[in-house]
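Visitor: My questions all concern the structure below.
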Amino acid sequence: MHSSGYSETDESVTITVHVGVNQRFFLWVMSYGDGIELLSPAKTRSEYLAEVRKMLGAYPES
């Protein structure tokens with residue numbers, strides 16, 4: 001893992017990692033809550049969004 005960018009103005013860090021995309025990876029990303037954004041690849045971002053929506057579906061608003 002290596003940091004590929006840091007901006008003091010918005011206190012963000014871009015990190016590039018090479019990982020196998022699986023349930024464990026999604027759980028790792030989810031552990032950061034709204035403090036992380038999965039930027040790419042687009043396919044993995046879409047898969048992650050589907051997992052989040054599936055979780056939200058378990059808690060319908062009343």
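Ligands are numbered from 1 in the order shown, residues from 1 within each chain, and chains are lettered A, B, ... in the order they appear in the structure tokens.
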Name the residues in contact with range 40-44 of chain A at a cut-off of 12 Å, using only C-alpha atoms, excluding same-chain residues fewer than 3 positions from it; report them as a list of chain:residue names.

Guide: A:Thr14, A:Ile15, A:Thr16, A:Val17, A:His18, A:Val19, A:Gly20, A:Val21, A:Asn22, A:Gln23, A:Phe25, A:Phe26, A:Val29, A:Glu37, A:Glu47, A:Tyr48, A:Leu49, A:Ala50, A:Glu51

Visitor: Report as a ChimeraX atom specification: the residues of range 4-48 of chain A with a DSSP assignment of alpha helix (DSSP H), based on the backbone of this structure.

Guide: /A:23-30,42-48

Visitor: Produce a file of the selected residues containing all heavy atoms, as a CSV table (one decimal), in the first residue's frame.

Guide:
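The new file result-v2.csv reads:
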```
chain,number,residue,atom,x,y,z
A,23,GLN,N,-15.7,-10.5,-0.2
A,23,GLN,CA,-16.5,-10.1,0.9
A,23,GLN,C,-15.6,-9.5,2.0
A,23,GLN,O,-15.9,-8.4,2.6
A,23,GLN,CB,-17.3,-11.2,1.5
A,23,GLN,CG,-18.3,-10.8,2.5
A,23,GLN,CD,-19.4,-9.9,1.8
A,23,GLN,OE1,-19.7,-10.0,0.7
A,23,GLN,NE2,-20.0,-9.1,2.6
A,24,ARG,N,-14.4,-10.0,2.2
A,24,ARG,CA,-13.5,-9.5,3.2
A,24,ARG,C,-13.1,-8.1,2.9
A,24,ARG,O,-13.0,-7.2,3.7
A,24,ARG,CB,-12.3,-10.4,3.4
A,24,ARG,CG,-11.4,-9.9,4.5
A,24,ARG,CD,-10.3,-10.9,4.7
A,24,ARG,NE,-10.9,-12.1,5.4
A,24,ARG,CZ,-10.2,-13.0,6.0
A,24,ARG,NH1,-8.9,-12.9,6.1
A,24,ARG,NH2,-10.8,-14.0,6.6
A,25,PHE,N,-12.8,-7.8,1.6
A,25,PHE,CA,-12.4,-6.5,1.1
A,25,PHE,C,-13.5,-5.5,1.4
A,25,PHE,O,-13.3,-4.4,1.9
A,25,PHE,CB,-12.1,-6.5,-0.3
A,25,PHE,CG,-11.9,-5.2,-0.9
A,25,PHE,CD1,-10.8,-4.4,-0.6
A,25,PHE,CD2,-12.9,-4.6,-1.8
A,25,PHE,CE1,-10.7,-3.1,-1.2
A,25,PHE,CE2,-12.7,-3.4,-2.3
A,25,PHE,CZ,-11.6,-2.6,-2.0
A,26,PHE,N,-14.8,-5.9,1.0
A,26,PHE,CA,-15.9,-5.0,1.3
A,26,PHE,C,-16.1,-4.7,2.7
A,26,PHE,O,-16.4,-3.6,3.1
A,26,PHE,CB,-17.2,-5.5,0.6
A,26,PHE,CG,-17.2,-5.5,-0.9
A,26,PHE,CD1,-17.6,-6.6,-1.6
A,26,PHE,CD2,-16.7,-4.4,-1.6
A,26,PHE,CE1,-17.7,-6.5,-3.0
A,26,PHE,CE2,-16.7,-4.3,-3.0
A,26,PHE,CZ,-17.2,-5.4,-3.7
A,27,LEU,N,-15.9,-5.7,3.6
A,27,LEU,CA,-16.0,-5.5,5.0
A,27,LEU,C,-15.0,-4.5,5.5
A,27,LEU,O,-15.2,-3.7,6.4
A,27,LEU,CB,-16.0,-6.8,5.8
A,27,LEU,CG,-17.2,-7.7,5.6
A,27,LEU,CD1,-16.9,-9.1,6.2
A,27,LEU,CD2,-18.4,-7.1,6.2
A,28,TRP,N,-13.8,-4.7,5.0
A,28,TRP,CA,-12.7,-3.8,5.4
A,28,TRP,C,-13.0,-2.3,5.0
A,28,TRP,O,-12.9,-1.4,5.8
A,28,TRP,CB,-11.4,-4.2,4.7
A,28,TRP,CG,-10.2,-3.3,4.9
A,28,TRP,CD1,-9.5,-3.1,6.1
A,28,TRP,CD2,-9.6,-2.5,3.9
A,28,TRP,NE1,-8.5,-2.2,5.8
A,28,TRP,CE2,-8.5,-1.8,4.5
A,28,TRP,CE3,-9.8,-2.3,2.5
A,28,TRP,CZ2,-7.7,-0.9,3.8
A,28,TRP,CZ3,-8.9,-1.4,1.9
A,28,TRP,CH2,-7.9,-0.8,2.5
A,29,VAL,N,-13.5,-2.1,3.8
A,29,VAL,CA,-13.9,-0.8,3.3
A,29,VAL,C,-15.0,-0.2,4.2
A,29,VAL,O,-15.0,0.9,4.6
A,29,VAL,CB,-14.3,-0.8,1.8
A,29,VAL,CG1,-14.8,0.6,1.4
A,29,VAL,CG2,-13.1,-1.1,1.0
A,30,MET,N,-16.0,-1.1,4.5
A,30,MET,CA,-17.2,-0.7,5.3
A,30,MET,C,-16.7,-0.3,6.7
A,30,MET,O,-17.4,0.6,7.4
A,30,MET,CB,-18.2,-1.8,5.4
A,30,MET,CG,-19.0,-2.0,4.1
A,30,MET,SD,-20.1,-3.4,4.3
A,30,MET,CE,-20.6,-3.6,2.6
A,42,ALA,N,-14.3,1.3,-11.6
A,42,ALA,CA,-15.8,1.5,-11.6
A,42,ALA,C,-16.6,0.2,-11.3
A,42,ALA,O,-17.6,0.3,-10.6
A,42,ALA,CB,-16.2,2.1,-13.0
A,43,LYS,N,-16.1,-0.9,-11.8
A,43,LYS,CA,-16.9,-2.2,-11.5
A,43,LYS,C,-16.9,-2.5,-10.0
A,43,LYS,O,-17.9,-2.9,-9.5
A,43,LYS,CB,-16.2,-3.3,-12.3
A,43,LYS,CG,-16.9,-4.6,-12.1
A,43,LYS,CD,-16.2,-5.8,-12.8
A,43,LYS,CE,-16.9,-7.1,-12.5
A,43,LYS,NZ,-16.1,-8.2,-12.5
A,44,THR,N,-15.7,-2.3,-9.4
A,44,THR,CA,-15.7,-2.6,-7.9
A,44,THR,C,-16.5,-1.6,-7.2
A,44,THR,O,-17.2,-1.9,-6.2
A,44,THR,CB,-14.2,-2.6,-7.5
A,44,THR,OG1,-13.5,-3.5,-8.3
A,44,THR,CG2,-14.1,-3.0,-6.0
A,45,ARG,N,-16.5,-0.3,-7.6
A,45,ARG,CA,-17.3,0.7,-6.9
A,45,ARG,C,-18.8,0.3,-7.0
A,45,ARG,O,-19.5,0.5,-6.1
A,45,ARG,CB,-17.0,2.0,-7.6
A,45,ARG,CG,-17.7,3.2,-7.0
A,45,ARG,CD,-17.2,4.5,-7.7
A,45,ARG,NE,-18.1,5.6,-7.3
A,45,ARG,CZ,-17.8,6.6,-6.5
A,45,ARG,NH1,-16.7,6.7,-5.9
A,45,ARG,NH2,-18.7,7.6,-6.3
A,46,SER,N,-19.2,-0.1,-8.2
A,46,SER,CA,-20.6,-0.5,-8.4
A,46,SER,C,-20.9,-1.8,-7.5
A,46,SER,O,-22.0,-1.8,-6.9
A,46,SER,CB,-20.9,-0.9,-9.9
A,46,SER,OG,-20.7,0.3,-10.6
A,47,GLU,N,-20.0,-2.7,-7.4
A,47,GLU,CA,-20.2,-3.9,-6.6
A,47,GLU,C,-20.4,-3.5,-5.1
A,47,GLU,O,-21.2,-4.0,-4.4
A,47,GLU,CB,-19.1,-4.9,-6.8
A,47,GLU,CG,-19.1,-5.6,-8.2
A,47,GLU,CD,-17.9,-6.4,-8.4
A,47,GLU,OE1,-16.9,-6.3,-7.7
A,47,GLU,OE2,-17.9,-7.1,-9.4
A,48,TYR,N,-19.5,-2.6,-4.7
A,48,TYR,CA,-19.6,-2.1,-3.3
A,48,TYR,C,-20.9,-1.4,-3.1
A,48,TYR,O,-21.5,-1.7,-2.0
A,48,TYR,CB,-18.4,-1.2,-3.1
A,48,TYR,CG,-18.4,-0.6,-1.7
A,48,TYR,CD1,-18.1,-1.5,-0.6
A,48,TYR,CD2,-18.6,0.7,-1.4
A,48,TYR,CE1,-18.1,-1.0,0.7
A,48,TYR,CE2,-18.6,1.2,-0.1
A,48,TYR,CZ,-18.3,0.4,0.9
A,48,TYR,OH,-18.3,0.9,2.2
```

Visitor: Hey, can you check how far CA of Gly35 in chain A sits from CA of Val13 in chain A?

Guide: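 That distance, rounded to one decimal, is 11.0 Å.
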
Visitor: Assign secondary structure with DSSP using the backbone only, and return the residues of chain A in strand (DSSP E) as a list in words.

Guide: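 So the strand (DSSP E) residues in chain A would be His2, Ser3, Ser4, Gly5, Tyr6, Ser7, Ser12, Val13, Thr14, Ile15 and Thr16 of chain A.
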